[in-house]
Structures are given as structure tokens and as C-alpha cells.
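Raw contents of upload25.csv, CSV, C-alpha atoms:
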chain,number,residue,atom,x,y,z
E,1381,ALA,CA,-15.3,202.4,12.9
E,1382,ASN,CA,-16.4,202.7,9.3
E,1383,GLY,CA,-17.4,206.3,9.9
E,1384,GLY,CA,-19.4,205.6,13.1
E,1385,ALA,CA,-19.8,208.4,15.6
E,1386,ASP,CA,-17.6,208.9,18.7
E,1387,CYS,CA,-19.1,208.2,22.1
E,1388,VAL,CA,-20.9,211.1,23.7
E,1389,GLY,CA,-20.1,211.9,27.3
E,1390,GLU,CA,-17.0,211.9,29.5
E,1391,SER,CA,-14.4,209.1,29.6
E,1392,GLU,CA,-13.6,209.8,33.3
E,1393,GLU,CA,-15.5,210.2,36.5
E,1394,THR,CA,-14.2,211.4,39.8
E,1395,ARG,CA,-15.4,211.3,43.4
E,1396,GLU,CA,-14.2,212.5,46.7
E,1397,CYS,CA,-12.5,210.0,49.1
E,1398,ASN,CA,-10.8,210.0,52.4
E,1399,THR,CA,-12.6,213.1,53.5
E,1400,ASP,CA,-11.9,212.9,57.2
E,1401,PRO,CA,-9.7,215.8,58.3
E,1402,CYS,CA,-6.0,215.0,58.7
E,1403,PRO,CA,-4.9,214.5,62.3
E,1404,TYR,CA,-3.0,217.2,64.2
E,1405,SER,CA,0.5,216.4,65.4
E,1406,LEU,CA,1.2,216.8,69.1
E,1407,ARG,CA,4.8,217.0,70.4
E,1408,VAL,CA,5.4,217.4,74.1
E,1409,ALA,CA,8.2,216.7,76.5
E,1410,CYS,CA,9.0,217.4,80.1
E,1411,ASP,CA,11.9,216.9,82.4
E,1412,ASP,CA,11.7,214.1,83.6
E,1413,ASP,CA,8.8,211.6,83.4
E,1414,THR,CA,6.1,212.5,80.9
E,1415,THR,CA,2.5,211.3,80.8
E,1416,VAL,CA,0.0,212.5,78.2
E,1417,TYR,CA,-3.8,212.2,78.0
E,1418,VAL,CA,-6.1,213.2,75.2
E,1419,ASP,CA,-9.7,213.5,76.1
E,1420,GLY,CA,-9.0,211.5,79.2
E,1421,VAL,CA,-7.4,208.6,77.5
E,1422,LEU,CA,-3.7,207.7,78.3
E,1423,LYS,CA,-1.7,208.2,75.1
E,1424,HIS,CA,1.9,208.3,76.2
E,1425,SER,CA,3.9,207.5,79.3
E,1426,ASP,CA,7.7,207.5,79.5
E,1427,THR,CA,10.4,207.9,82.1
E,1428,ASN,CA,13.2,208.9,79.7
E,1429,TRP,CA,13.8,212.6,80.2
E,1430,GLN,CA,15.0,213.0,76.6
E,1431,THR,CA,12.0,211.4,75.0
E,1432,ILE,CA,9.5,213.6,73.1
E,1433,ALA,CA,6.0,212.3,73.0
E,1434,SER,CA,4.8,212.5,69.4
E,1435,LEU,CA,1.1,211.8,68.9
E,1436,ASP,CA,-1.6,212.1,66.3
E,1437,VAL,CA,-4.6,214.1,67.7
E,1438,SER,CA,-8.0,214.4,66.2
E,1439,PRO,CA,-9.0,218.0,65.3
E,1440,SER,CA,-12.1,217.3,67.3
E,1441,ALA,CA,-10.1,216.6,70.5
E,1442,GLN,CA,-11.4,218.5,73.5
E,1443,VAL,CA,-8.6,218.5,76.1
E,1444,ILE,CA,-4.9,217.7,76.3
E,1445,ALA,CA,-3.5,216.9,79.8
E,1446,VAL,CA,0.1,216.4,80.7
E,1447,SER,CA,1.6,215.3,84.0
E,1448,CYS,CA,5.4,215.7,84.6
E,1449,ARG,CA,7.4,214.2,87.4
E,1450,ASP,CA,10.8,215.8,88.1
E,1451,GLY,CA,13.5,213.4,89.1
E,1452,GLY,CA,15.9,216.2,90.1
E,1453,GLY,CA,17.8,219.0,88.3
E,1454,GLY,CA,15.8,221.1,85.9
E,1455,TYR,CA,12.0,220.8,85.3
E,1456,GLY,CA,9.4,222.1,82.9
E,1457,ILE,CA,6.9,221.1,80.2
E,1458,VAL,CA,7.1,222.2,76.5
E,1459,GLY,CA,5.0,221.3,73.5
E,1460,ASP,CA,3.1,222.3,70.4
E,1461,LEU,CA,0.2,221.1,68.4
E,1462,THR,CA,0.3,221.6,64.6
E,1463,ASP,CA,-1.9,220.7,61.6
E,1464,SER,CA,-0.9,218.7,58.6
E,1465,SER,CA,0.6,221.8,57.0
E,1466,GLY,CA,2.7,222.7,60.0
E,1467,LYS,CA,0.4,225.5,61.1
E,1468,GLU,CA,0.5,226.1,64.8
E,1469,ILE,CA,-2.8,225.2,66.6
E,1470,MET,CA,-1.7,225.3,70.2
E,1471,VAL,CA,1.5,225.6,72.3
E,1472,THR,CA,2.4,225.3,75.9
E,1473,ASP,CA,2.0,228.8,77.4
E,1474,SER,CA,0.4,230.6,80.3
E,1475,SER,CA,-3.1,229.8,79.0
E,1476,TRP,CA,-2.7,226.3,80.4
E,1477,GLU,CA,-4.0,225.6,83.9
E,1478,CYS,CA,-1.8,223.7,86.3
E,1479,SER,CA,-1.8,222.2,89.8
E,1480,GLU,CA,0.8,220.4,92.0
E,1481,LYS,CA,-2.0,218.1,93.3
E,1482,GLU,CA,-3.5,215.2,91.3
E,1483,VAL,CA,-7.3,215.3,91.6
E,1484,SER,CA,-9.5,212.5,90.3
E,1485,GLY,CA,-10.7,213.2,86.8
E,1486,TRP,CA,-8.2,216.0,86.2
E,1487,GLU,CA,-7.5,214.7,82.7
E,1488,GLN,CA,-11.2,214.9,81.6
E,1489,PHE,CA,-12.8,217.6,79.5
E,1490,ASP,CA,-15.6,218.2,82.1
E,1491,PHE,CA,-13.2,218.5,85.1
E,1492,ASN,CA,-13.8,221.7,87.1
E,1493,ALA,CA,-10.3,223.1,87.7
E,1494,ASP,CA,-11.4,225.2,90.7
E,1495,GLY,CA,-8.3,226.3,92.5
E,1496,TRP,CA,-6.0,225.5,89.6
E,1497,LYS,CA,-3.6,228.3,88.6
E,1498,GLN,CA,-2.5,229.9,85.3
E,1499,ALA,CA,0.7,228.1,84.2
E,1500,LYS,CA,4.0,229.8,85.0
E,1501,ASP,CA,6.2,230.8,82.1
E,1502,MET,CA,9.7,229.6,82.8
E,1503,GLY,CA,11.3,232.2,80.5
E,1504,ASP,CA,13.2,232.5,77.2
E,1505,ASP,CA,16.4,230.9,78.4
E,1506,HIS,CA,15.0,227.7,79.7
E,1507,PHE,CA,17.0,224.7,78.5
E,1508,LEU,CA,13.9,222.9,77.1
E,1509,ARG,CA,13.8,225.8,74.5
E,1510,LYS,CA,17.4,225.6,73.6
E,1511,THR,CA,18.7,222.1,74.1
E,1512,ALA,CA,18.5,219.1,71.8
E,1513,PRO,CA,16.4,217.0,71.4
E,1514,PHE,CA,13.8,219.4,72.7
E,1515,THR,CA,14.6,221.8,69.8
E,1516,GLN,CA,12.6,219.4,67.6
E,1517,ILE,CA,9.6,221.2,69.1
E,1518,THR,CA,9.8,224.2,66.8
E,1519,SER,CA,6.7,226.4,67.1
E,1520,PRO,CA,8.1,229.9,67.8
E,1521,ASP,CA,5.4,230.7,70.4
E,1522,ARG,CA,6.1,227.7,72.5
E,1523,ARG,CA,6.9,228.3,76.2
E,1524,VAL,CA,8.2,226.2,78.9
E,1525,ILE,CA,5.6,225.9,81.7
E,1526,TRP,CA,5.2,224.7,85.3
E,1527,ALA,CA,2.7,225.1,88.1
E,1528,SER,CA,2.8,228.6,89.5
E,1529,GLY,CA,4.2,228.8,93.0
E,1530,SER,CA,5.5,225.2,92.7
E,1531,ASP,CA,9.2,225.6,92.3
E,1532,GLY,CA,10.9,222.5,93.7
E,1533,VAL,CA,7.7,220.5,93.6
E,1534,ARG,CA,8.4,217.1,92.1
E,1535,ALA,CA,5.2,216.6,90.1
E,1536,VAL,CA,2.7,218.9,88.3
E,1537,TYR,CA,-0.5,218.4,86.3
E,1538,CYS,CA,-1.3,220.8,83.5
E,1539,ARG,CA,-4.2,220.8,81.0
E,1540,LYS,CA,-5.4,222.8,78.0
E,1541,LEU,CA,-8.9,222.9,76.6
E,1542,LEU,CA,-9.1,222.8,72.8
E,1543,GLN,CA,-12.8,223.4,72.4
E,1544,LYS,CA,-15.5,225.6,73.9
E,1545,ARG,CA,-17.1,224.1,76.9
E,1546,ASP,CA,-20.7,225.1,77.7
E,1547,GLY,CA,-21.7,225.3,81.4
E,1548,GLY,CA,-23.9,222.8,83.1
E,1549,TRP,CA,-25.9,223.1,86.3
E,1550,SER,CA,-25.0,221.3,89.5
E,1551,ASP,CA,-27.8,219.7,91.4
E,1552,PHE,CA,-29.9,221.9,93.7
E,1553,GLY,CA,-28.8,222.0,97.3
E,1554,ASP,CA,-31.1,221.5,100.3
E,1555,TRP,CA,-33.9,223.9,101.1
E,1556,SER,CA,-32.8,226.7,103.5
E,1557,GLU,CA,-34.6,227.3,106.8
E,1558,CYS,CA,-37.9,229.1,106.5
E,1559,SER,CA,-37.6,232.8,106.9
E,1560,ALA,CA,-40.6,232.9,109.3
E,1561,THR,CA,-42.1,230.5,111.8
E,1562,CYS,CA,-45.7,231.3,110.9
E,1563,GLU,CA,-47.9,233.5,108.6
E,1564,GLY,CA,-45.8,232.5,105.6
E,1565,GLY,CA,-42.1,232.6,105.0
E,1566,ILE,CA,-39.7,231.8,102.1
E,1567,GLN,CA,-37.3,228.9,101.6
E,1568,LYS,CA,-34.6,228.9,99.0
E,1569,LYS,CA,-32.4,226.4,97.3
E,1570,THR,CA,-29.6,227.1,94.9
E,1571,ARG,CA,-27.4,225.5,92.2
E,1572,SER,CA,-24.3,226.6,90.5
E,1573,CYS,CA,-23.1,226.6,86.9
E,1574,THR,CA,-20.1,224.3,87.7
E,1575,ASN,CA,-21.1,220.9,86.2
E,1576,PRO,CA,-19.0,221.8,84.3
E,1577,ALA,CA,-18.2,225.5,84.5
E,1578,PRO,CA,-18.2,227.2,81.1
E,1579,ALA,CA,-14.7,227.6,79.6
E,1580,ASN,CA,-13.0,228.7,76.4
E,1581,GLY,CA,-15.9,231.0,75.5
E,1582,GLY,CA,-18.5,228.4,76.1
E,1583,ALA,CA,-22.1,229.4,77.0
E,1584,ASP,CA,-23.3,230.1,80.5
E,1585,CYS,CA,-26.0,227.9,81.9
E,1586,VAL,CA,-29.6,228.7,80.9
E,1587,GLY,CA,-32.2,228.9,83.6
E,1588,GLU,CA,-32.4,230.1,87.2
E,1589,ALA,CA,-29.8,229.5,89.9
E,1590,GLU,CA,-32.3,229.8,92.7
E,1591,GLU,CA,-35.7,228.3,93.5
E,1592,THR,CA,-38.1,229.5,96.2
E,1593,ARG,CA,-41.2,228.2,97.9
E,1594,GLU,CA,-43.6,229.3,100.7
E,1595,CYS,CA,-43.3,227.7,104.0
E,1596,ASN,CA,-44.9,227.8,107.5
E,1597,THR,CA,-48.1,229.3,106.1
E,1598,ASP,CA,-50.2,228.6,109.2
E,1599,PRO,CA,-51.4,231.6,111.2
E,1600,CYS,CA,-49.2,232.6,114.1
E,1601,PRO,CA,-50.5,231.5,117.5
E,1602,ILE,CA,-52.0,234.3,119.7
E,1603,ASP,CA,-51.2,234.2,123.4
E,1604,GLY,CA,-53.9,235.3,125.7
E,1605,GLY,CA,-53.8,238.6,127.5
E,1606,TRP,CA,-55.6,239.8,130.6
E,1607,SER,CA,-58.2,242.5,130.5
E,1608,ASP,CA,-58.2,245.2,133.1
E,1609,PHE,CA,-59.7,244.3,136.5
E,1610,GLY,CA,-63.3,245.4,136.9
E,1611,ASP,CA,-64.8,247.3,139.9
E,1612,TRP,CA,-64.7,245.8,143.4
E,1613,SER,CA,-67.9,244.0,144.4
E,1614,GLU,CA,-69.9,244.9,147.5
E,1615,CYS,CA,-68.5,243.5,150.8
E,1616,SER,CA,-69.8,240.1,151.8
E,1617,VAL,CA,-70.9,241.4,155.2
E,1618,ALA,CA,-72.9,244.5,155.8
E,1619,SER,CA,-70.9,246.6,158.2
E,1620,CYS,CA,-68.4,244.8,160.4
E,1621,GLY,CA,-66.7,241.6,161.4
E,1622,GLY,CA,-64.7,241.2,158.3
E,1623,GLY,CA,-66.0,240.4,154.8
E,1624,VAL,CA,-64.6,239.9,151.4
E,1625,GLN,CA,-64.7,242.0,148.2
E,1626,LYS,CA,-63.9,240.6,144.8
E,1627,ARG,CA,-63.0,242.0,141.4
E,1628,SER,CA,-62.2,240.0,138.3
E,1629,ARG,CA,-60.6,240.2,134.9
E,1630,SER,CA,-60.8,237.9,131.8
E,1631,CYS,CA,-58.2,236.4,129.3
E,1632,THR,CA,-59.6,238.4,126.4
E,1633,ASN,CA,-57.0,241.1,125.7
E,1634,PRO,CA,-56.6,239.2,123.4
E,1635,ALA,CA,-58.2,235.9,123.8
E,1636,PRO,CA,-55.8,233.0,122.9
E,1637,ALA,CA,-56.1,231.7,119.4
E,1638,ASN,CA,-54.5,229.3,116.8

Would it be possible to restate this file's structure as C-alpha cells?
Amino acid sequence: ANGGADCVGESEETRECNTDPCPYSLRVACDDDTTVYVDGVLKHSDTNWQTIASLDVSPSAQVIAVSCRDGGGGYGIVGDLTDSSGKEIMVTDSSWECSEKEVSGWEQFDFNADGWKQAKDMGDDHFLRKTAPFTQITSPDRRVIWASGSDGVRAVYCRKLLQKRDGGWSDFGDWSECSATCEGGIQKKTRSCTNPAPANGGADCVGEAEETRECNTDPCPIDGGWSDFGDWSECSVASCGGGVQKRSRSCTNPAPAN
């Protein structure tokens, strides 16, 4: 007022807030009973075959696991994972791994799915792609999947890794038998890069898969061997009546040792 100067500086300040990434949206359904795990934690379980599991999933989530139990009729699993803008992050397709057998820990990121198979694609005309309410799952690349070779099986277990998984070493096994009984042999023990196995482009284990050590290093025993017999001695009697001659040998060819 009265000709005084305006304030110097800005009348407004800003700062960032709520900087956490927005969650992804997971939609998944199966015919019939649907159970969904995210990073090993149960997130959804429903026995209504027309229910679609709709879940928020952290962008840092590592694995999605879905079990489906068929009550009769059709069967299959369909789903997609999208970001907050609707961009497709992941869909059910043949990159999933499935089994008809439930194994302890199957829903965990570190589970080794040895023996599990690539998911079977059930085809373009499957009813889970064309029938409401399942058409609410809209990603064009979505496929209906099931465990390969398991037509008619009433329950399957399918999983999808979302992050790279670096390999980890198993424990070393027992030492092998020594390769020699004396004079020095070799024993070996091995480990494998399966705890967990690398997946999704994760790094192989660093280090050696095999260790060795010397064993049975004592000298081998040497059995004694006879030398040749020497010459016969003179007869014990001079000329008649029966005497005895002797000849000898020694245990020096070789002498016993060790």
C-alpha cells in the first residue's frame, strides 16, 4: 500500500505426493472353482463358475498362481493383467507352466517347477473367450489354458513368473567313493543350480558345481614274492644210506612292505 513494493518470489509451491506406482489390475476366471495366489498369498477363492476374480496386484509382484477345479462340463483358465492405463502386462497363454498335481509350495516364487509342462492353449473358439461374463476379460492376446495332456482331469495348477529369478545353489551332496584304494585318488561332490533354478532371464548361479579332494593317499601295500630257489646243498651223507639235500629261497622278490 501507499506505493510499497510487491512481494518478491512465488506465491505457490508444489511438491510430489502419492509417488507409489499404481497397482496393476488382475482379472482371472476358470470353469469352475477358482483360487488365486499372488506371491504365495491367497487372494481369491470362489466356487461360483461365473465369478471373475478381480484383484489389485503390485507392479513388484513376482508370481501369480491359479488353481482351477472342474466340476463337470467345460474347463479352462483365462485372465489378464493390465496397468492403470489399460496396457496389457500379462495374459494367460502358453508361457504359463501347469501341472495336474498339487505340490507343496507350488504357489511360491522360488518353487522349482521340474516336471511341469507348458500350458495347453485351448483354442480360439473356447467358450471362456466368447461367453459372458468372461468377455469382461478383454485383452486381445488372452488365451484359455489348461495343463497339457490333462484333458478330463478335474484340477490343475498353473503359475506365471512376473519377474526375473536368479538361480541359487542347492546344498552339496555327499562325497563320492574314492577313485583309488591307495597312492592317492579323487573324491567329488556336486551341487545344482536349482534352489531355485534361474527363470525369466534370471542369472545362472556363480561358482563351481563340483568340488574335489584327494583321498586314500597312503602308499599301496606290497605283497611279498619269492625269489628263485638257490642251488642244492651237498648231501648230508657222504656216499650211501640216504641223505638229504636242501635248497632255499627268500621272500624278497619283492619283500612285503606298507

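Separating atom CA of E:Cys1573 from atom CA of E:Gly1495 is a distance of 15.8 Å.
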
Length of the atom CA of E:Ser1484 to atom CA of E:Ala1445 vector [Å]: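 Between atom CA of E:Ser1484 and atom CA of E:Ala1445 the gap is 12.9 Å.
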
Residue neighbourhood E:Lys1423, 10 Å, all atoms listed in the file, exclusion window fewer than 5 positions, as a list of chain:residue names: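 Neighbouring residues, sequence-local ones excluded: E:Thr1415, E:Val1416, E:Tyr1417, E:Val1418, E:Ala1433, E:Ser1434, E:Leu1435, E:Asp1436, E:Val1437.
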
Which residue of E:Thr1472, E:Gln1543, E:Thr1574, E:Gln1430 approaches E:Gln1516 most closely, using only C-alpha atoms: E:Gln1430

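Here the question is which of E:Pro1601, E:Pro1403, E:Gly1529, E:Pro1576 gets nearest to E:Cys1562 using only C-alpha atoms, and that residue is E:Pro1601.
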
Nearest-residue call for E:Gly1451, choices E:Ser1474, E:Ser1391, E:Ser1479, E:Thr1414, using only C-alpha atoms: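 Selected residue with least distance to E:Gly1451: E:Thr1414.
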